[in-house]
Amino acid sequence: MPPTQTDSETSHSITEQAIYRDLPAAQTWVLLISIAIVALCGIVYELIIGTVSSYLMGNSVYQFSLTIGFFMFSMGIGSYLSKFIANRLVQNFIYVEMTLAVVGGICSISLFLTFPFTATLYTAVMFAFILTIGTLVGLEIPLLTRILSAAAGTRKSIANVMSLDYIGALIGSVAFPLLLLPSLGLVASSFAIGLINIFIAFLNIVWLRNHLKNPRRLIILTGAIFILLAGLTLMGSRLTAFAQHHLYFDEIIWQKHTPYQNLVVTRDIPLRDLRLFIDGNLQFSQRDEYRYHESLVHPLMNWTSVPVEQVLVLGGGDGLAVRELLKYPNIKNIDLVDIDPAMTNLGKHFAPLVKINKGSLSDPKVHIHNQDAFVYINKTSVRYDRIILDFPDPHNEAISKLYSVEFFSMLSHHMSDDAALITQSSSPFFSRRTFWSIKETLAAVFPETSSFHVTIPSFGDWGFHIASTKKGGGLIGLPSDLKFLSQERFAAAQVFGRDVEQVGNPIINSIFEPKLYQIYLDDLLNGPLATKQYQTN
């Protein structure tokens, strides 16, 4: 009777146990170390892909959820496929490590280079990397577990493997934001982790060479991959610059990955245009930023005739809003709160930007606080006459909380009796429901709100809301030396056309029900169609 498949599998299992039963202690330790490093590399690749996608596509919660979910799914596929590897477990593990070193090493630069083409292509490449890397990581742990089980028994080996797997994942998840990202950046980090993978492959070749077929060939292949990744790591800054030049039309003159965001400054010399991008999104253009910042500051400062002495600016680390505030000599104190010290250092010390903001952040009236706005407003005892919210659009859950009813309520408790605040509120044309939902959220806290919108060539139609602690506020006048804004222009800005006026029932955004960022993303994705569906519903 010919042997059945079950007989064949049993035979392979017995042979496998015989091969690894007498594994020396040194070789066992190499395998255990490999488990921790494998987990470390796997979690870092996952974080790199999630971070790149958050920078390029926005909505970090959504991007990390997709990355983690499909990565875990593909690890399950890898674990399932491992059962079809019947022998030469060490050699197959080394092949997996080599493949992972190459694929994982190039994932970051590949994503950056793919993004400028189409969102569909980027998404396809992103999922290809997630599924491939996840499958390879899923293959590794079962292979190592089977080797160790033959040497030390199933119960002990599984306990060791799972413990070291979790420890490695912890180290990787902590090292990425604290060490790798700030010191190497996204592109060089993926190359560096690939080097770690190839080092583990080399370590196993040296220590377990008696279990390998033609170890010399494996060493040569490992060496070639090591040289490739080492060279790419050394060229990390150049490759990053190359990738970024694919994302921006103008010359990049300054860039920095911070624990909070990706900052890029570009310059167009013929047009004398300096631009700041945060996570790939334009924050200002030198050619027309005055329109935005005059609209952000001067209506608020002239909303009532009450003298303004204490001003709070949340965001605005570029110093451009503060530049406009310093035109009012009666102001005694300006507190600028921006969570990222790299941003405020840029506004204070980067010469091209200092020239534009006229050195505003070095003025003795200005006090910079690098804190989360939530944390600062809970700790401060100052009561402000004016508050300026110059935050990015609510494109993710973290920023959405800064447009919540809870945050606005916190601000109201730190405002004087006849105070007012203003917030940039995105575009009433491109993100119409978002714009009016921000007003509805403000109206849930403040007795009076007022809305206006202006045209900023770099952004299009852009909107603002003013909220007051007392009713009866209004514009009493504007400085005569402004480049753009006048009383007549402001009066026109308070009129909304039929395609941008309020529709339906805007939501009140809450940190307990953070719906605003979902609406914002839907607005951008569907444009006027989203508004039409909203009216129908």
# chains A, B, ... in the order shown; residues from 1 in each chain; ligands from 1
>>> select_by_dssp(residues="range 235-354 of chain A", states="alpha helix (DSSP H)", output="PyMOL selection string")
chain A and resi 236-247+289-301+320-325+341-349+351-354
>>> closest_residue(among="A:Ala26, A:Leu111, A:Ala321, A:Leu221", to="Met57 in chain A", atoms="only C-alpha atoms")
A:Leu111
>>> residues_around(residues="Val52 in chain A", least_positions_apart="6", cutoff="10 Å", atoms="only C-alpha atoms", output="list in words")
Gly58, Ser60, Gln63, Phe64, Cys107, Ser108, Ile109, Leu111, Phe112, Met126, Leu186, Val187, Asn262 and Asp279 of chain A
>>> closest_residue(among="A:Gly78, A:Gly138, A:Pro299, A:Gly236", to="Leu421 in chain A", atoms="only C-alpha atoms")
A:Pro299
>>> closest_residue(among="A:Val366, A:Ala491, A:Leu180, A:Ile399", to="Tyr517 in chain A", atoms="only C-alpha atoms")
A:Ile399
>>> select_by_dssp(residues="range 88-296 of chain A", states="strand (DSSP E)", output="NGL selection string")
:A and (251-257 or 262-268 or 273-278 or 281-285)
>>> closest_residue(among="A:Gly316, A:Pro307, A:Gly359, A:Gly168", to="Gln424 in chain A", atoms="only C-alpha atoms")
A:Gly316
>>> atom_distance(atom1="CA of Leu81 in chain A", atom2="CA of Glu46 in chain A")
20.4 Å
